[in-house]
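Coordinates as given in structure-v7.tsv (TSV, C-alpha atoms):
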```tsv
chain	number	residue	atom	x	y	z
E	1115	MET	CA	-28.36	-1.40	7.18
E	1116	ALA	CA	-27.18	0.30	10.32
E	1117	VAL	CA	-23.63	0.04	11.58
E	1118	ALA	CA	-23.65	-0.36	15.33
E	1119	SER	CA	-20.28	1.17	16.24
E	1120	GLY	CA	-16.84	2.03	14.93
E	1121	ARG	CA	-14.27	4.76	14.46
E	1122	GLU	CA	-13.38	4.80	10.79
E	1123	MET	CA	-14.95	2.80	7.99
E	1124	ALA	CA	-13.39	2.09	4.60
E	1125	VAL	CA	-15.05	0.55	1.57
E	1126	GLU	CA	-13.71	-0.97	-1.64
E	1127	ALA	CA	-16.06	-1.87	-4.47
E	1128	SER	CA	-16.17	-2.58	-8.17
E	1129	ALA	CA	-18.71	-2.21	-11.01
E	1130	THR	CA	-21.36	0.51	-10.70
E	1131	THR	CA	-21.52	1.39	-7.00
E	1132	ARG	CA	-22.94	4.18	-4.88
E	1133	LEU	CA	-22.58	4.15	-1.11
E	1134	PHE	CA	-24.01	6.60	1.41
E	1135	ILE	CA	-23.24	6.56	5.14
E	1136	ASP	CA	-25.33	8.96	7.22
E	1137	ASN	CA	-26.38	10.61	3.93
E	1138	HIS	CA	-22.73	11.35	3.04
E	1139	VAL	CA	-21.50	10.04	-0.32
E	1140	VAL	CA	-18.59	7.68	0.33
E	1141	ILE	CA	-18.34	6.05	-3.13
E	1142	ASP	CA	-19.84	7.06	-6.46
E	1143	HIS	CA	-18.20	4.73	-8.96
E	1144	GLN	CA	-19.63	4.33	-12.46
E	1145	ARG	CA	-18.58	1.45	-14.70
E	1146	ASP	CA	-18.43	3.69	-17.77
E	1147	ASN	CA	-16.00	5.98	-15.92
E	1148	PRO	CA	-13.14	3.74	-14.73
E	1149	ASN	CA	-11.30	6.73	-13.23
E	1150	SER	CA	-14.06	7.34	-10.68
E	1151	PRO	CA	-13.02	6.20	-7.18
E	1152	VAL	CA	-13.68	2.63	-6.10
E	1153	THR	CA	-12.66	3.23	-2.48
E	1154	GLY	CA	-13.76	5.62	0.20
E	1155	ASN	CA	-13.57	6.12	3.95
E	1156	ILE	CA	-15.44	8.06	6.60
E	1157	ALA	CA	-14.99	8.61	10.32
E	1158	VAL	CA	-17.98	7.56	12.41
E	1159	GLY	CA	-18.73	7.82	16.11
E	1160	GLU	CA	-20.35	5.44	18.55
E	1161	GLY	CA	-23.92	4.37	17.95
E	1162	PRO	CA	-25.95	3.42	14.85
E	1163	HIS	CA	-25.21	4.83	11.40
E	1164	ARG	CA	-27.42	4.62	8.34
E	1165	VAL	CA	-25.87	2.83	5.34
E	1166	LEU	CA	-27.46	3.01	1.88
E	1167	PHE	CA	-25.89	0.86	-0.82
E	1168	GLU	CA	-26.74	0.94	-4.55
E	1169	TYR	CA	-24.99	-1.72	-6.61
E	1170	VAL	CA	-25.18	-2.95	-10.22
E	1171	ARG	CA	-23.35	-6.26	-10.51
E	1172	THR	CA	-21.77	-7.45	-13.74
E	1173	ASP	CA	-21.00	-11.07	-14.58
E	1174	ARG	CA	-17.36	-10.94	-13.43
E	1175	ALA	CA	-17.52	-8.08	-10.94
E	1176	PRO	CA	-16.31	-8.90	-7.42
E	1177	GLY	CA	-18.42	-8.09	-4.39
E	1178	LEU	CA	-18.21	-5.27	-1.86
E	1179	ASN	CA	-15.55	-5.17	0.84
E	1180	LEU	CA	-16.72	-3.26	3.93
E	1181	ILE	CA	-13.99	-2.87	6.55
E	1182	TRP	CA	-13.46	-0.75	9.63
E	1183	PHE	CA	-10.78	0.42	12.03
E	1184	ARG	CA	-11.64	0.68	15.72
E	1185	ASP	CA	-9.41	2.65	18.07
E	1186	ASP	CA	-10.35	0.48	21.05
E	1187	ASP	CA	-8.92	-2.80	19.74
E	1188	GLY	CA	-5.76	-1.65	17.94
E	1189	ILE	CA	-5.99	-4.44	15.37
E	1190	GLY	CA	-6.29	-2.24	12.29
E	1191	TYR	CA	-8.58	-2.57	9.31
E	1192	ARG	CA	-10.68	-5.74	9.27
E	1193	ALA	CA	-14.04	-6.90	7.92
E	1194	VAL	CA	-17.14	-5.50	9.57
E	1195	PRO	CA	-18.66	-8.45	11.50
E	1196	GLY	CA	-22.24	-9.54	11.10
E	1197	TRP	CA	-23.25	-8.45	14.59
E	1198	ALA	CA	-22.45	-4.82	13.66
E	1199	LEU	CA	-25.01	-4.75	10.83
E	1200	SER	CA	-28.75	-4.44	11.31
E	1201	ARG	CA	-31.79	-3.59	9.20
E	1202	ARG	CA	-32.92	-1.12	11.86
E	1203	PRO	CA	-31.17	1.26	14.28
E	1204	ALA	CA	-29.58	-0.75	17.09
E	1205	SER	CA	-28.80	0.24	20.67
E	1206	SER	CA	-25.71	-0.81	22.60
E	1207	SER	CA	-27.70	-3.46	24.46
E	1208	MET	CA	-28.94	-4.94	21.18
E	1209	VAL	CA	-25.37	-5.04	19.85
E	1210	MET	CA	-24.15	-6.82	22.98
E	1211	THR	CA	-27.02	-9.29	22.70
E	1212	ALA	CA	-26.11	-9.99	19.06
E	1213	ARG	CA	-22.45	-10.57	19.97
E	1214	ILE	CA	-23.43	-12.96	22.79
E	1215	ALA	CA	-25.80	-14.77	20.42
E	1216	ASP	CA	-22.99	-15.15	17.87
E	1217	GLY	CA	-20.73	-16.61	20.55
E	1218	VAL	CA	-23.42	-19.01	21.77
E	1219	ARG	CA	-24.11	-20.11	18.20
E	1220	LEU	CA	-20.42	-20.84	17.61
E	1221	VAL	CA	-20.09	-22.83	20.84
E	1222	THR	CA	-23.29	-24.72	20.08
E	1223	ALA	CA	-22.03	-25.57	16.58
E	1224	LEU	CA	-18.70	-26.84	18.00
E	1225	VAL	CA	-20.39	-28.95	20.70
E	1226	GLY	CA	-22.99	-30.28	18.28
E	1227	GLY	CA	-20.32	-31.13	15.70
E	1228	THR	CA	-18.23	-32.94	18.32
E	1229	ILE	CA	-21.22	-34.98	19.49
E	1230	LEU	CA	-22.19	-35.83	15.91
E	1231	ALA	CA	-18.62	-36.90	15.04
E	1232	TYR	CA	-18.47	-39.05	18.21
E	1233	TRP	CA	-21.81	-40.71	17.37
E	1234	ILE	CA	-20.74	-41.42	13.77
E	1235	GLY	CA	-17.46	-42.89	15.04
E	1236	ILE	CA	-19.32	-45.26	17.38
E	1237	TRP	CA	-21.78	-46.22	14.62
E	1238	LEU	CA	-18.96	-47.01	12.19
E	1239	HIS	CA	-17.01	-48.94	14.82
E	1240	LYS	CA	-19.98	-51.19	15.57
E	1241	ARG	CA	-20.28	-52.03	11.87
E	1242	ARG	CA	-16.56	-52.36	11.25
E	1243	GLU	CA	-16.67	-56.03	10.35
E	1244	ALA	CA	-19.57	-55.51	7.92
E	1245	TRP	CA	-17.69	-52.67	6.16
E	1246	ILE	CA	-14.55	-54.78	5.88
E	1247	GLU	CA	-16.51	-57.67	4.40
E	1248	TRP	CA	-18.32	-55.37	1.93
E	1249	GLY	CA	-15.12	-53.73	0.70
E	1250	ALA	CA	-13.04	-56.89	0.46
E	1251	PRO	CA	-13.77	-57.55	-3.25
E	1252	TYR	CA	-12.89	-53.96	-4.20
E	1253	ARG	CA	-9.85	-53.39	-1.98
E	1254	PRO	CA	-7.26	-55.08	-4.24
E	1255	SER	CA	-8.58	-53.22	-7.30
E	1256	ALA	CA	-6.46	-50.18	-8.16
E	1257	THR	CA	-8.86	-49.43	-11.02
E	1258	ALA	CA	-11.78	-48.80	-8.66
E	1259	PHE	CA	-9.70	-46.54	-6.42
E	1260	TYR	CA	-8.31	-44.34	-9.21
E	1261	LEU	CA	-11.66	-44.24	-10.99
E	1262	LEU	CA	-13.31	-43.02	-7.79
E	1263	LEU	CA	-10.48	-40.49	-7.27
E	1264	THR	CA	-10.85	-39.14	-10.81
E	1265	VAL	CA	-14.64	-38.85	-10.61
E	1266	ALA	CA	-14.43	-37.08	-7.21
E	1267	CYS	CA	-11.82	-34.60	-8.48
E	1268	ILE	CA	-13.84	-33.83	-11.62
E	1269	GLY	CA	-16.93	-33.32	-9.49
E	1270	LEU	CA	-15.07	-30.91	-7.20
E	1271	ALA	CA	-13.42	-29.07	-10.10
E	1272	LEU	CA	-16.72	-28.31	-11.80
E	1273	GLY	CA	-17.63	-25.82	-9.10
E	1274	ALA	CA	-21.07	-24.41	-8.41
E	1275	PRO	CA	-23.84	-24.88	-9.31
E	1276	TYR	CA	-23.15	-28.26	-10.95
E	1277	GLY	CA	-20.31	-29.82	-8.96
E	1278	LEU	CA	-19.57	-30.94	-5.42
E	1279	TRP	CA	-17.56	-27.84	-4.50
E	1280	GLN	CA	-20.56	-25.99	-3.09
E	1281	PHE	CA	-21.13	-28.77	-0.55
E	1282	VAL	CA	-17.58	-29.01	0.85
E	1283	TYR	CA	-16.30	-25.43	0.62
E	1284	TRP	CA	-17.19	-24.76	4.27
E	1285	LEU	CA	-14.99	-27.59	5.58
E	1286	PRO	CA	-11.75	-26.59	7.35
E	1287	GLY	CA	-8.91	-26.58	4.84
E	1288	PHE	CA	-11.21	-26.57	1.82
E	1289	ASN	CA	-12.20	-22.95	2.48
E	1290	PHE	CA	-8.58	-21.91	1.82
E	1291	ILE	CA	-8.80	-23.11	-1.79
E	1292	ARG	CA	-9.85	-20.18	-3.99
E	1293	GLY	CA	-10.09	-22.10	-7.28
E	1294	SER	CA	-11.91	-25.42	-7.42
E	1295	SER	CA	-10.11	-26.27	-10.69
E	1296	ARG	CA	-7.00	-27.05	-8.61
E	1297	PHE	CA	-8.52	-30.40	-7.71
E	1298	MET	CA	-7.67	-31.53	-11.24
E	1299	VAL	CA	-4.00	-31.58	-10.24
E	1300	LEU	CA	-4.89	-34.65	-8.19
E	1301	GLY	CA	-7.39	-35.73	-10.83
E	1302	LEU	CA	-4.61	-35.91	-13.41
E	1303	LEU	CA	-2.91	-38.52	-11.25
E	1304	GLY	CA	-6.04	-40.64	-11.41
E	1305	ILE	CA	-6.32	-40.18	-15.18
E	1306	ALA	CA	-2.66	-41.13	-15.66
E	1307	MET	CA	-3.05	-44.28	-13.59
E	1308	LEU	CA	-6.24	-45.27	-15.43
E	1309	ALA	CA	-4.44	-44.75	-18.75
E	1310	ALA	CA	-1.59	-46.98	-17.56
E	1311	ILE	CA	-4.05	-49.65	-16.42
E	1312	GLY	CA	-5.84	-49.46	-19.77
E	1313	PHE	CA	-2.57	-49.82	-21.68
E	1314	GLU	CA	-1.63	-52.79	-19.50
E	1315	ARG	CA	-4.86	-54.61	-20.31
E	1316	LEU	CA	-4.88	-53.75	-24.03
E	1317	SER	CA	-1.30	-54.93	-24.49
E	1318	ALA	CA	-1.63	-58.05	-22.33
E	1319	LYS	CA	-1.74	-60.38	-25.36
E	1320	LEU	CA	1.26	-58.78	-27.09
E	1321	THR	CA	4.78	-60.13	-26.90
E	1322	PRO	CA	7.22	-58.31	-24.61
E	1323	ARG	CA	8.99	-56.81	-27.63
E	1324	ALA	CA	5.73	-55.58	-29.16
E	1325	ARG	CA	4.67	-54.07	-25.82
E	1326	ASN	CA	7.94	-52.16	-25.57
E	1327	VAL	CA	7.49	-50.84	-29.12
E	1328	ALA	CA	3.90	-49.79	-28.37
E	1329	ALA	CA	5.01	-48.04	-25.18
E	1330	GLY	CA	7.77	-46.22	-27.08
E	1331	ILE	CA	5.31	-45.04	-29.72
E	1332	LEU	CA	2.94	-43.75	-27.03
E	1333	VAL	CA	5.75	-41.91	-25.24
E	1334	ALA	CA	6.86	-40.28	-28.53
E	1335	LEU	CA	3.27	-39.24	-29.34
E	1336	MET	CA	2.80	-37.75	-25.86
E	1337	ALA	CA	6.11	-35.88	-26.08
E	1338	ALA	CA	5.04	-34.39	-29.43
E	1339	GLU	CA	1.59	-33.52	-28.04
E	1340	PHE	CA	2.90	-31.71	-24.96
E	1341	ALA	CA	5.92	-30.06	-26.59
E	1342	ALA	CA	5.75	-26.32	-25.97
E	1343	GLN	CA	9.18	-25.01	-26.81
E	1344	PRO	CA	9.11	-21.34	-27.88
E	1345	PHE	CA	10.34	-20.31	-31.31
E	1346	GLY	CA	11.70	-16.80	-30.85
E	1347	THR	CA	11.19	-14.38	-27.95
E	1348	PRO	CA	7.50	-13.59	-27.40
E	1349	TYR	CA	8.23	-10.83	-24.87
E	1350	ARG	CA	11.48	-9.00	-24.29
E	1351	PHE	CA	11.98	-7.15	-21.05
E	1352	GLU	CA	14.69	-4.62	-20.29
E	1353	ILE	CA	15.08	-2.77	-17.00
E	1354	PRO	CA	15.02	1.01	-17.66
E	1355	ALA	CA	18.16	3.04	-17.06
E	1356	ALA	CA	16.43	4.99	-14.28
E	1357	ASP	CA	15.87	1.79	-12.28
E	1358	GLN	CA	19.44	0.72	-12.95
E	1359	TRP	CA	20.64	4.05	-11.53
E	1360	VAL	CA	18.54	3.48	-8.40
E	1361	ALA	CA	20.10	0.02	-8.04
E	1362	ASN	CA	23.55	1.60	-7.66
E	1363	GLN	CA	22.52	3.83	-4.74
E	1364	PRO	CA	23.38	3.07	-1.08
E	1365	LYS	CA	21.00	0.53	0.42
E	1366	PRO	CA	18.54	0.07	2.01
E	1367	PHE	CA	15.82	2.22	0.45
E	1368	VAL	CA	12.16	2.06	-0.61
E	1369	VAL	CA	11.03	2.73	-4.19
E	1370	ALA	CA	7.80	3.89	-5.82
E	1371	GLU	CA	7.20	4.18	-9.56
E	1372	VAL	CA	4.69	6.16	-11.59
E	1373	PRO	CA	2.38	6.21	-13.45
E	1374	SER	CA	0.22	3.73	-11.57
E	1375	ALA	CA	-2.65	3.80	-14.11
E	1376	GLY	CA	-5.23	3.39	-11.36
E	1377	GLY	CA	-3.50	0.29	-10.03
E	1378	TYR	CA	-3.93	-1.78	-13.16
E	1379	GLU	CA	-2.02	-5.04	-12.80
E	1380	ARG	CA	0.04	-4.60	-15.98
E	1381	TYR	CA	1.91	-1.69	-14.43
E	1382	GLN	CA	2.31	-3.33	-11.03
E	1383	THR	CA	3.82	-6.52	-12.46
E	1384	MET	CA	6.15	-4.41	-14.63
E	1385	TYR	CA	7.37	-2.49	-11.59
E	1386	MET	CA	7.87	-5.76	-9.71
E	1387	LEU	CA	10.23	-6.82	-12.51
E	1388	HIS	CA	12.01	-3.46	-12.24
E	1389	SER	CA	12.67	-4.16	-8.56
E	1390	MET	CA	14.81	-7.14	-9.58
E	1391	ALA	CA	17.53	-4.61	-10.44
E	1392	HIS	CA	18.00	-3.65	-6.78
E	1393	TRP	CA	15.95	-6.14	-4.68
E	1394	GLN	CA	14.86	-3.39	-2.31
E	1395	LYS	CA	11.43	-2.71	-0.87
E	1396	THR	CA	8.81	-1.36	-3.27
E	1397	VAL	CA	5.23	-0.17	-2.80
E	1398	HIS	CA	4.16	-2.10	-5.88
E	1399	GLY	CA	2.88	-5.64	-6.08
E	1400	TYR	CA	0.08	-7.73	-7.44
E	1401	GLY	CA	-1.71	-10.84	-6.22
E	1402	GLY	CA	-5.16	-12.32	-6.27
E	1403	ILE	CA	-6.25	-9.92	-3.51
E	1404	ARG	CA	-5.57	-6.19	-3.69
E	1405	PRO	CA	-4.99	-4.81	-0.16
E	1406	TYR	CA	-6.86	-1.70	0.87
E	1407	VAL	CA	-3.67	0.35	1.23
E	1408	HIS	CA	-2.73	-0.47	-2.37
E	1409	SER	CA	-6.12	0.61	-3.71
E	1410	VAL	CA	-5.80	3.96	-1.96
E	1411	LEU	CA	-2.13	4.49	-2.81
E	1412	TYR	CA	-2.46	3.66	-6.53
E	1413	GLN	CA	-5.31	6.14	-6.90
E	1414	GLU	CA	-3.23	8.82	-5.18
E	1415	LEU	CA	-0.25	8.11	-7.44
E	1416	ASP	CA	-2.44	8.92	-10.46
E	1417	THR	CA	-2.19	12.58	-9.38
E	1418	PHE	CA	1.46	12.42	-8.23
E	1419	PRO	CA	2.93	14.68	-7.13
E	1420	ASP	CA	0.46	16.35	-4.82
E	1421	ALA	CA	0.31	16.86	-1.07
E	1422	GLN	CA	-1.71	13.71	-0.37
E	1423	SER	CA	0.38	11.30	-2.45
E	1424	LEU	CA	3.65	12.72	-1.11
E	1425	GLN	CA	2.44	12.42	2.47
E	1426	HIS	CA	1.43	8.79	1.92
E	1427	LEU	CA	4.80	7.96	0.35
E	1428	VAL	CA	6.59	9.57	3.30
E	1429	GLU	CA	4.52	7.43	5.69
E	1430	LEU	CA	5.66	4.36	3.75
E	1431	ASP	CA	9.33	5.46	4.04
E	1432	VAL	CA	9.71	5.78	0.26
E	1433	MET	CA	13.07	7.34	-0.62
E	1434	TYR	CA	13.06	7.32	-4.45
E	1435	VAL	CA	10.27	7.81	-6.98
E	1436	VAL	CA	10.97	6.60	-10.52
E	1437	VAL	CA	8.96	8.60	-13.07
E	1438	HIS	CA	8.57	6.78	-16.39
E	1439	ILE	CA	8.03	9.58	-18.91
E	1440	ASP	CA	7.40	7.17	-21.79
E	1441	LEU	CA	4.45	5.53	-20.00
E	1442	TYR	CA	2.46	8.74	-19.70
E	1443	PRO	CA	0.15	9.75	-22.57
E	1444	PRO	CA	1.80	12.60	-24.53
E	1445	THR	CA	-1.08	14.94	-23.68
E	1446	GLU	CA	-0.77	14.23	-19.93
E	1447	TRP	CA	2.97	14.47	-19.44
E	1448	PRO	CA	3.18	18.32	-19.61
E	1449	ARG	CA	0.75	18.54	-16.65
E	1450	VAL	CA	2.77	15.96	-14.69
E	1451	ASP	CA	6.00	17.85	-15.46
E	1452	GLU	CA	4.40	21.07	-14.26
E	1453	ARG	CA	3.39	19.44	-10.96
E	1454	LEU	CA	6.91	18.08	-10.53
E	1455	ARG	CA	8.35	21.58	-10.84
E	1456	ALA	CA	5.72	22.94	-8.45
E	1457	PHE	CA	6.88	20.48	-5.75
E	1458	SER	CA	10.60	21.10	-6.23
E	1459	ASP	CA	10.84	21.90	-2.50
E	1460	ARG	CA	9.76	18.31	-1.67
E	1461	LEU	CA	11.36	16.48	-4.63
E	1462	THR	CA	15.03	16.50	-5.62
E	1463	LEU	CA	15.88	15.43	-9.17
E	1464	GLU	CA	18.65	12.83	-8.85
E	1465	TYR	CA	18.69	11.29	-12.33
E	1466	SER	CA	17.23	12.11	-15.75
E	1467	ASP	CA	17.21	10.64	-19.23
E	1468	PRO	CA	14.81	11.03	-22.19
E	1469	ILE	CA	12.38	8.36	-20.92
E	1470	GLY	CA	12.77	8.43	-17.15
E	1471	ARG	CA	13.65	10.43	-14.07
E	1472	VAL	CA	14.43	9.62	-10.45
E	1473	TYR	CA	13.37	11.95	-7.66
E	1474	ALA	CA	14.39	11.74	-4.01
E	1475	ILE	CA	11.67	12.65	-1.54
E	1476	ARG	CA	12.56	15.21	1.08
E	1477	ARG	CA	10.98	14.68	4.47
E	1478	PRO	CA	9.18	17.71	5.96
E	1479	GLN	CA	12.02	18.27	8.46
E	1480	GLU	CA	14.58	18.15	5.63
E	1481	THR	CA	12.59	20.79	3.73
E	1482	THR	CA	12.55	23.02	6.81
E	1483	ARG	CA	16.32	22.76	7.31
E	1484	ALA	CA	16.97	23.45	3.61
E	1485	SER	CA	14.88	26.62	3.70
```

Would you kindly transcribe this structure into structure tokens?
Amino acid sequence: MAVASGREMAVEASATTRLFIDNHVVIDHQRDNPNSPVTGNIAVGEGPHRVLFEYVRTDRAPGLNLIWFRDDDGIGYRAVPGWALSRRPASSSMVMTARIADGVRLVTALVGGTILAYWIGIWLHKRREAWIEWGAPYRPSATAFYLLLTVACIGLALGAPYGLWQFVYWLPGFNFIRGSSRFMVLGLLGIAMLAAIGFERLSAKLTPRARNVAAGILVALMAAEFAAQPFGTPYRFEIPAADQWVANQPKPFVVAEVPSAGGYERYQTMYMLHSMAHWQKTVHGYGGIRPYVHSVLYQELDTFPDAQSLQHLVELDVMYVVVHIDLYPPTEWPRVDERLRAFSDRLTLEYSDPIGRVYAIRRPQETTRAS
């Protein structure tokens, strides 16, 4: 591939990945070494750039995210568009031609879709009476409607390559749904209605009293089946004293916590719970999509404190860093403690207990005034 233009490119990948841009190694991530970087960035100038990508995909490994930042648009990081990628070196005129072709293709698709929808509307309108007559026997039947609803939802929930999801994913609105199994929320409505219709027909010959007894028995059986009350406390969570100390400080402030363990979600969700003590801004968070800034920051926090991680935290206006001593491996903590002492001119110890510390970050101008 050749990237047509750009200022700075950033890449995030998973599984075994090697990426070269203009013969410079941007990512060299090996699956058997989870601590090897999964992100990388490189500044590039105008014109074509050679991209070589080596990738070993596992069953559950996500794909490659290739994004760029262009100084001339001021939008920030976004996905590299298709017109910027080519199998051969591309000139500026070829790039402009590709962008025009993309625009023409989009306009053509919109016009063609509008014409097709208009033609289908006319065709259906001309046959309106025939459709009404054909559907008349089925319209009063709730069974047919809910059966069709259930079958359609099951077909959509199956996903590719067996279900209907692969054929409708491109439709507006459907492409916002990340998990096809969510269609079963609506499918459960159809199943519930079909079950009610079935009970109605099976109990039609019973007396009213017998039907009420049967309905009560079914309700009791369903309540027992779906009962999920916990016996005991499966997980007990307590906010550490260090976070409670931070909660009592003057607000507003921004908090970071370490270790980050490479950004693993267990730590991020734990720190999100810690933030409930103060409800202030935090650099931690976890969702289905991990933003690029999080991927970079969490890797930097693995070596906190150092010049790069401190600079990034300053840029994010972080005021306090909570260091959880008990979460570090015993063999690693002495090295972390040594780095903390080495950066005593940038970090002020505000709170300490056997399992945690709180450091306030000094801004560069504050360090200059103190010296």

Edge lengths and centre in Å, axis-aligned, region 1153-1169 of chain E plus 3 Å each side, as AutoDock Vina command-line options:
```
--center_x -20.1 --center_y 3.4 --center_z 6.0 --size_x 20.8 --size_y 16.3 --size_z 31.2
```

**Item:** Sphere at (-26.4, 2.6, -2.1), radius 9 Å, counting all atoms listed in the file: residues as a ChimeraX atom specification
**Value:** /E:1131-1135,1141,1165-1169

Residues from the last selection, C-alpha atoms, saved as a short mmCIF file (atom, residue, chain, number, x, y, z; two decimals), in the coordinates of the input:
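Final output, saved to out.cif:
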```cif
data_model
loop_
_atom_site.label_atom_id
_atom_site.label_comp_id
_atom_site.auth_asym_id
_atom_site.auth_seq_id
_atom_site.Cartn_x
_atom_site.Cartn_y
_atom_site.Cartn_z
CA THR E 1131 -21.52 1.39 -7.00
CA ARG E 1132 -22.94 4.18 -4.88
CA LEU E 1133 -22.58 4.15 -1.11
CA PHE E 1134 -24.01 6.60 1.41
CA ILE E 1135 -23.24 6.56 5.14
CA ILE E 1141 -18.34 6.05 -3.13
CA VAL E 1165 -25.87 2.83 5.34
CA LEU E 1166 -27.46 3.01 1.88
CA PHE E 1167 -25.89 0.86 -0.82
CA GLU E 1168 -26.74 0.94 -4.55
CA TYR E 1169 -24.99 -1.72 -6.61
#
```

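For the residues E:Met1336, E:Ile1156, E:Val1265, E:Leu1303, ranking by smallest atom-to-atom distance to His1138 (chain E) using all atoms listed in the file places E:Ile1156 first.
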
**Request:** Find the residues around Ile1268 (chain E) up to 12 Å (only C-alpha atoms counted), leave out those fewer than 2 positions away in its own chain, and share them as a list in words.
**Result:** Leu1261, Leu1262, Leu1263, Thr1264, Val1265, Ala1266, Leu1270, Ala1271, Leu1272, Gly1273, Tyr1276, Gly1277, Leu1278, Trp1279, Ser1294, Ser1295, Arg1296, Phe1297, Met1298, Val1299, Leu1300, Gly1301, Leu1302, Leu1303, Gly1304 and Ile1305 of chain E

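Each of E:Leu1220, E:Met1307, E:Val1436, E:Ala1258 was compared to Val1360 (chain E) using only C-alpha atoms, and E:Val1436 turns out to be the nearest.
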
**Item:** Computed interatomic separation between CA of Ser1423 (chain E) and CA of Trp1182 (chain E) (Å)
**Value:**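 We find that CA of Ser1423 (chain E) and CA of Trp1182 (chain E) lie 22.0 Å from each other.
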
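Counting from CA of Ala1456 (chain E), the distance to CA of Ser1374 (chain E) is 20.2 Å.
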
Can you fill out region 1252-1263 of chain E with N, CA and C atoms and hand it back as an mmCIF file, in the frame of the given file?
```cif
data_model
loop_
_atom_site.group_PDB
_atom_site.id
_atom_site.type_symbol
_atom_site.label_atom_id
_atom_site.label_comp_id
_atom_site.auth_asym_id
_atom_site.auth_seq_id
_atom_site.Cartn_x
_atom_site.Cartn_y
_atom_site.Cartn_z
ATOM 1 N N TYR E 1252 -13.341 -55.144 -3.473
ATOM 2 C CA TYR E 1252 -12.890 -53.960 -4.200
ATOM 3 C C TYR E 1252 -11.514 -53.468 -3.736
ATOM 4 N N ARG E 1253 -11.071 -53.918 -2.544
ATOM 5 C CA ARG E 1253 -9.850 -53.390 -1.980
ATOM 6 C C ARG E 1253 -8.621 -53.658 -2.851
ATOM 7 N N PRO E 1254 -8.462 -54.846 -3.417
ATOM 8 C CA PRO E 1254 -7.260 -55.080 -4.240
ATOM 9 C C PRO E 1254 -7.288 -54.376 -5.582
ATOM 10 N N SER E 1255 -8.430 -53.798 -5.971
ATOM 11 C CA SER E 1255 -8.580 -53.220 -7.300
ATOM 12 C C SER E 1255 -8.090 -51.780 -7.325
ATOM 13 N N ALA E 1256 -6.944 -51.549 -7.994
ATOM 14 C CA ALA E 1256 -6.460 -50.180 -8.160
ATOM 15 C C ALA E 1256 -7.356 -49.395 -9.108
ATOM 16 N N THR E 1257 -7.992 -50.106 -10.049
ATOM 17 C CA THR E 1257 -8.860 -49.430 -11.020
ATOM 18 C C THR E 1257 -10.000 -48.717 -10.316
ATOM 19 N N ALA E 1258 -10.653 -49.402 -9.366
ATOM 20 C CA ALA E 1258 -11.780 -48.800 -8.660
ATOM 21 C C ALA E 1258 -11.342 -47.568 -7.874
ATOM 22 N N PHE E 1259 -10.177 -47.662 -7.226
ATOM 23 C CA PHE E 1259 -9.700 -46.540 -6.420
ATOM 24 C C PHE E 1259 -9.423 -45.319 -7.289
ATOM 25 N N TYR E 1260 -8.667 -45.491 -8.373
ATOM 26 C CA TYR E 1260 -8.310 -44.340 -9.210
ATOM 27 C C TYR E 1260 -9.492 -43.822 -10.002
ATOM 28 N N LEU E 1261 -10.437 -44.701 -10.330
ATOM 29 C CA LEU E 1261 -11.660 -44.240 -10.990
ATOM 30 C C LEU E 1261 -12.465 -43.370 -10.041
ATOM 31 N N LEU E 1262 -12.589 -43.814 -8.783
ATOM 32 C CA LEU E 1262 -13.310 -43.020 -7.790
ATOM 33 C C LEU E 1262 -12.597 -41.689 -7.542
ATOM 34 N N LEU E 1263 -11.252 -41.723 -7.464
ATOM 35 C CA LEU E 1263 -10.480 -40.490 -7.270
ATOM 36 C C LEU E 1263 -10.695 -39.514 -8.411
#
```
